Amino acid sequence: MHAPLKQRILELSHPLTIGFDPDVSHLHPFLTRQFNSTPIELFLVKWYQSVIQNILPAAHSIKLQSAFFEQFGPRGMTALQDIILDSKRRRLHVILDAKRGDISTTMAAYGKTVFDLYQADSVTILPWMGTDSLKALLPWLKQGKGVYIVWLSSNQSGRALQMKLCDDQKPMAQHLFESFYALAREENVTNQIGWVLGATDIPLDLLKKLPPDDHAFLLPGIGAQGAEFNAATSELRKKYPASLFPISRGILKPTATDVINKWDDYSSLVGIRWLEFIRLSTAPK
């Protein structure tokens, strides 16, 4: 993945990316009051600003889940665009977690939306329409943009399908990786692609079968989905230092017992939790 992003990861010495997934269900009472009393586009931007307020000096990237903006229609998408532009001004690498995946003409339209309109640096894509979903984005990749291909997801039903053995006894996931990697190598964009790999189950044996390269992984699942930083995550980080672990609910959603009376209280709590996740991610295993 992008050399500038890898350099920032190495500079800050941690693999965490801010996961700003503004799910408005089960909010803390303080956030509920703000949500109910503020125009949605202003609420989303203020929430984002409060998240990054105390963690920006120790952050290199942010992952924005587009569905949580799209649910609010045009006002939510206006907030998303404002947040992306602000994040880029703050030197954060912006990953738009949109999980797009379609035939070439449709993917080209998605590319225009994600990269030209919203100005994201990277986007997540679904690979089940074949390499057409990557081919259509090649013009942007050759300009320095990036994609993360949803390879091995963190949900059980998805992982069961992805690891299903083919006639040659290779899992479907291995065939998928090989086909997309071959296209990327042919087009000289291997440095612009990464792979979504659920941190809930890291298949080290399968990783050893991948083509030798400095692959970049995006590993959701730490915290709310039950994954932890352990020997497997430590081994993966050492071998693939451009990899990222999004932290979303672990910092965004305080418990109902947390005392929060103003936005600064919320920002302070986010900052404390962010530093704790950095400690956990970098502690010897």
# chains A, B, ... in the order shown; residues from 1 in each chain; ligands from 1
>>> closest_atom_pairs(of="range 82-122 of chain A", to="range 68-76 of chain A", cutoff="12 Å", atoms="only C-alpha atoms", output="JSON lines")
{"residue": "A:Asp82", "atom": "CA", "partner": "A:Gly76", "partner_atom": "CA", "distance": 9.9}
{"residue": "A:Ile83", "atom": "CA", "partner": "A:Gly76", "partner_atom": "CA", "distance": 10.5}
{"residue": "A:Ile84", "atom": "CA", "partner": "A:Phe69", "partner_atom": "CA", "distance": 12.0}
{"residue": "A:Leu96", "atom": "CA", "partner": "A:Phe69", "partner_atom": "CA", "distance": 11.1}
{"residue": "A:Asp97", "atom": "CA", "partner": "A:Phe68", "partner_atom": "CA", "distance": 10.3}
{"residue": "A:Ala98", "atom": "CA", "partner": "A:Glu70", "partner_atom": "CA", "distance": 10.0}
>>> write_last_selection(atoms="C-alpha atoms", output="mmCIF file, in the first residue's frame")
data_model
loop_
_atom_site.group_PDB
_atom_site.id
_atom_site.type_symbol
_atom_site.label_atom_id
_atom_site.label_comp_id
_atom_site.auth_asym_id
_atom_site.auth_seq_id
_atom_site.Cartn_x
_atom_site.Cartn_y
_atom_site.Cartn_z
ATOM 1 C CA ASP A 82 -16.565 17.486 4.561
ATOM 2 C CA ILE A 83 -14.960 14.940 6.884
ATOM 3 C CA ILE A 84 -12.825 13.435 4.112
ATOM 4 C CA LEU A 96 -13.561 4.888 2.400
ATOM 5 C CA ASP A 97 -15.049 1.594 3.539
ATOM 6 C CA ALA A 98 -17.696 1.331 0.814
#
>>> closest_atom_pairs(of="range 89-196 of chain A", to="range 239-256 of chain A", cutoff="10 Å", atoms="only C-alpha atoms", output="JSON lines")
{"residue": "A:Gly194", "atom": "CA", "partner": "A:Ser243", "partner_atom": "CA", "distance": 8.4}
{"residue": "A:Trp195", "atom": "CA", "partner": "A:Ser243", "partner_atom": "CA", "distance": 9.0}
{"residue": "A:Val196", "atom": "CA", "partner": "A:Leu244", "partner_atom": "CA", "distance": 9.5}
>>> residues_around(residues="range 257-267 of chain A", least_positions_apart="4", cutoff="8 Å", atoms="only C-alpha atoms", output="short mmCIF file (atom, residue, chain, number, x, y, z; two decimals) with C-alpha atoms, in the first residue's frame")
data_model
loop_
_atom_site.label_atom_id
_atom_site.label_comp_id
_atom_site.auth_asym_id
_atom_site.auth_seq_id
_atom_site.Cartn_x
_atom_site.Cartn_y
_atom_site.Cartn_z
CA PHE A 30 -24.78 12.57 25.96
CA SER A 50 -14.40 15.34 18.89
CA VAL A 51 -12.99 11.90 18.10
CA ILE A 52 -9.80 13.19 16.52
CA GLN A 53 -9.32 16.16 18.89
CA ASN A 54 -7.06 14.32 21.35
CA GLY A 271 -7.96 9.93 23.76
#
>>> select_by_dssp(residues="range 193-229 of chain A", states="strand (DSSP E or B)", output="JSON, numbers by chain")
{"A": [193, 194, 195, 196, 197, 217, 218, 222, 227]}
>>> closest_atom_pairs(of="range 120-227 of chain A", to="range 1-14 of chain A", cutoff="10 Å", atoms="only C-alpha atoms", output="CSV")
residue,atom,partner,partner_atom,distance
A:Asp121,CA,A:His2,CA,9.3
A:Ser122,CA,A:His2,CA,9.4
A:Gly144,CA,A:His2,CA,7.4
A:Lys145,CA,A:His2,CA,8.0
A:Gly146,CA,A:Met1,CA,7.0
A:Val147,CA,A:Met1,CA,8.5
A:Tyr148,CA,A:Met1,CA,8.9
A:Val189,CA,A:Met1,CA,9.3
A:Thr190,CA,A:Met1,CA,7.7
A:Asn191,CA,A:Met1,CA,4.7
A:Gln192,CA,A:Met1,CA,4.8
A:Ile193,CA,A:Met1,CA,5.7
A:Gly194,CA,A:Met1,CA,6.0
A:Trp195,CA,A:Met1,CA,9.6
A:Asp214,CA,A:Met1,CA,8.5
A:His215,CA,A:Met1,CA,7.4
A:Ala216,CA,A:Met1,CA,5.7
A:Phe217,CA,A:Met1,CA,8.7
>>> closest_residue(among="A:Leu16, A:Ala232, A:Leu134, A:Leu218", to="Ala184 in chain A", atoms="only C-alpha atoms")
A:Leu134
>>> closest_residue(among="A:Leu126, A:Ala59, A:Ala120, A:Ala67", to="Val24 in chain A", atoms="only C-alpha atoms")
A:Ala67
>>> select_by_dssp(residues="range 170-247 of chain A", states="alpha helix (DSSP H)", output="ChimeraX atom specification")
/A:172-186,204-207,231-239
>>> residues_around(residues="Lys285 in chain A", least_positions_apart="5", cutoff="10 Å", atoms="only C-alpha atoms", output="list of chain:residue names")
A:Phe229, A:Asn230, A:Ala231, A:Ala232, A:Thr233, A:Ser234, A:Glu235, A:Leu280
>>> write_last_selection(atoms="N, CA and C atoms", output="PDB file, in the first residue's frame")
ATOM      1  N   PHE A 229      -5.135  -8.373  20.232  1.00  0.00           N
ATOM      2  CA  PHE A 229      -3.747  -8.361  19.799  1.00  0.00           C
ATOM      3  C   PHE A 229      -3.034  -9.530  20.482  1.00  0.00           C
ATOM      4  N   ASN A 230      -2.410 -10.375  19.669  1.00  0.00           N
ATOM      5  CA  ASN A 230      -1.799 -11.589  20.212  1.00  0.00           C
ATOM      6  C   ASN A 230      -0.562 -11.948  19.400  1.00  0.00           C
ATOM      7  N   ALA A 231      -0.094 -13.153  19.554  1.00  0.00           N
ATOM      8  CA  ALA A 231       1.123 -13.570  18.847  1.00  0.00           C
ATOM      9  C   ALA A 231       0.916 -13.553  17.337  1.00  0.00           C
ATOM     10  N   ALA A 232      -0.283 -13.911  16.876  1.00  0.00           N
ATOM     11  CA  ALA A 232      -0.550 -13.930  15.433  1.00  0.00           C
ATOM     12  C   ALA A 232      -0.530 -12.516  14.851  1.00  0.00           C
ATOM     13  N   THR A 233      -1.153 -11.563  15.538  1.00  0.00           N
ATOM     14  CA  THR A 233      -1.139 -10.184  15.034  1.00  0.00           C
ATOM     15  C   THR A 233       0.273  -9.613  15.075  1.00  0.00           C
ATOM     16  N   SER A 234       1.026  -9.985  16.091  1.00  0.00           N
ATOM     17  CA  SER A 234       2.403  -9.500  16.195  1.00  0.00           C
ATOM     18  C   SER A 234       3.262 -10.052  15.062  1.00  0.00           C
ATOM     19  N   GLU A 235       3.099 -11.340  14.758  1.00  0.00           N
ATOM     20  CA  GLU A 235       3.857 -11.950  13.664  1.00  0.00           C
ATOM     21  C   GLU A 235       3.490 -11.314  12.332  1.00  0.00           C
ATOM     22  N   LEU A 280      -1.718  -1.763  23.701  1.00  0.00           N
ATOM     23  CA  LEU A 280      -2.006  -3.173  23.473  1.00  0.00           C
ATOM     24  C   LEU A 280      -1.445  -3.664  22.132  1.00  0.00           C
TER      25      LEU A 280
END
>>> atom_distance(atom1="CA of Ser87 in chain A", atom2="CA of Ile18 in chain A")
10.9 Å
>>> atom_distance(atom1="CA of Ala108 in chain A", atom2="CA of Gly198 in chain A")
26.9 Å
>>> closest_residue(among="A:Phe35, A:Phe177, A:Trp140, A:Tyr48", to="Phe20 in chain A", atoms="only C-alpha atoms")
A:Tyr48
>>> atom_distance(atom1="CA of Gln119 in chain A", atom2="CA of Lys88 in chain A")
8.7 Å
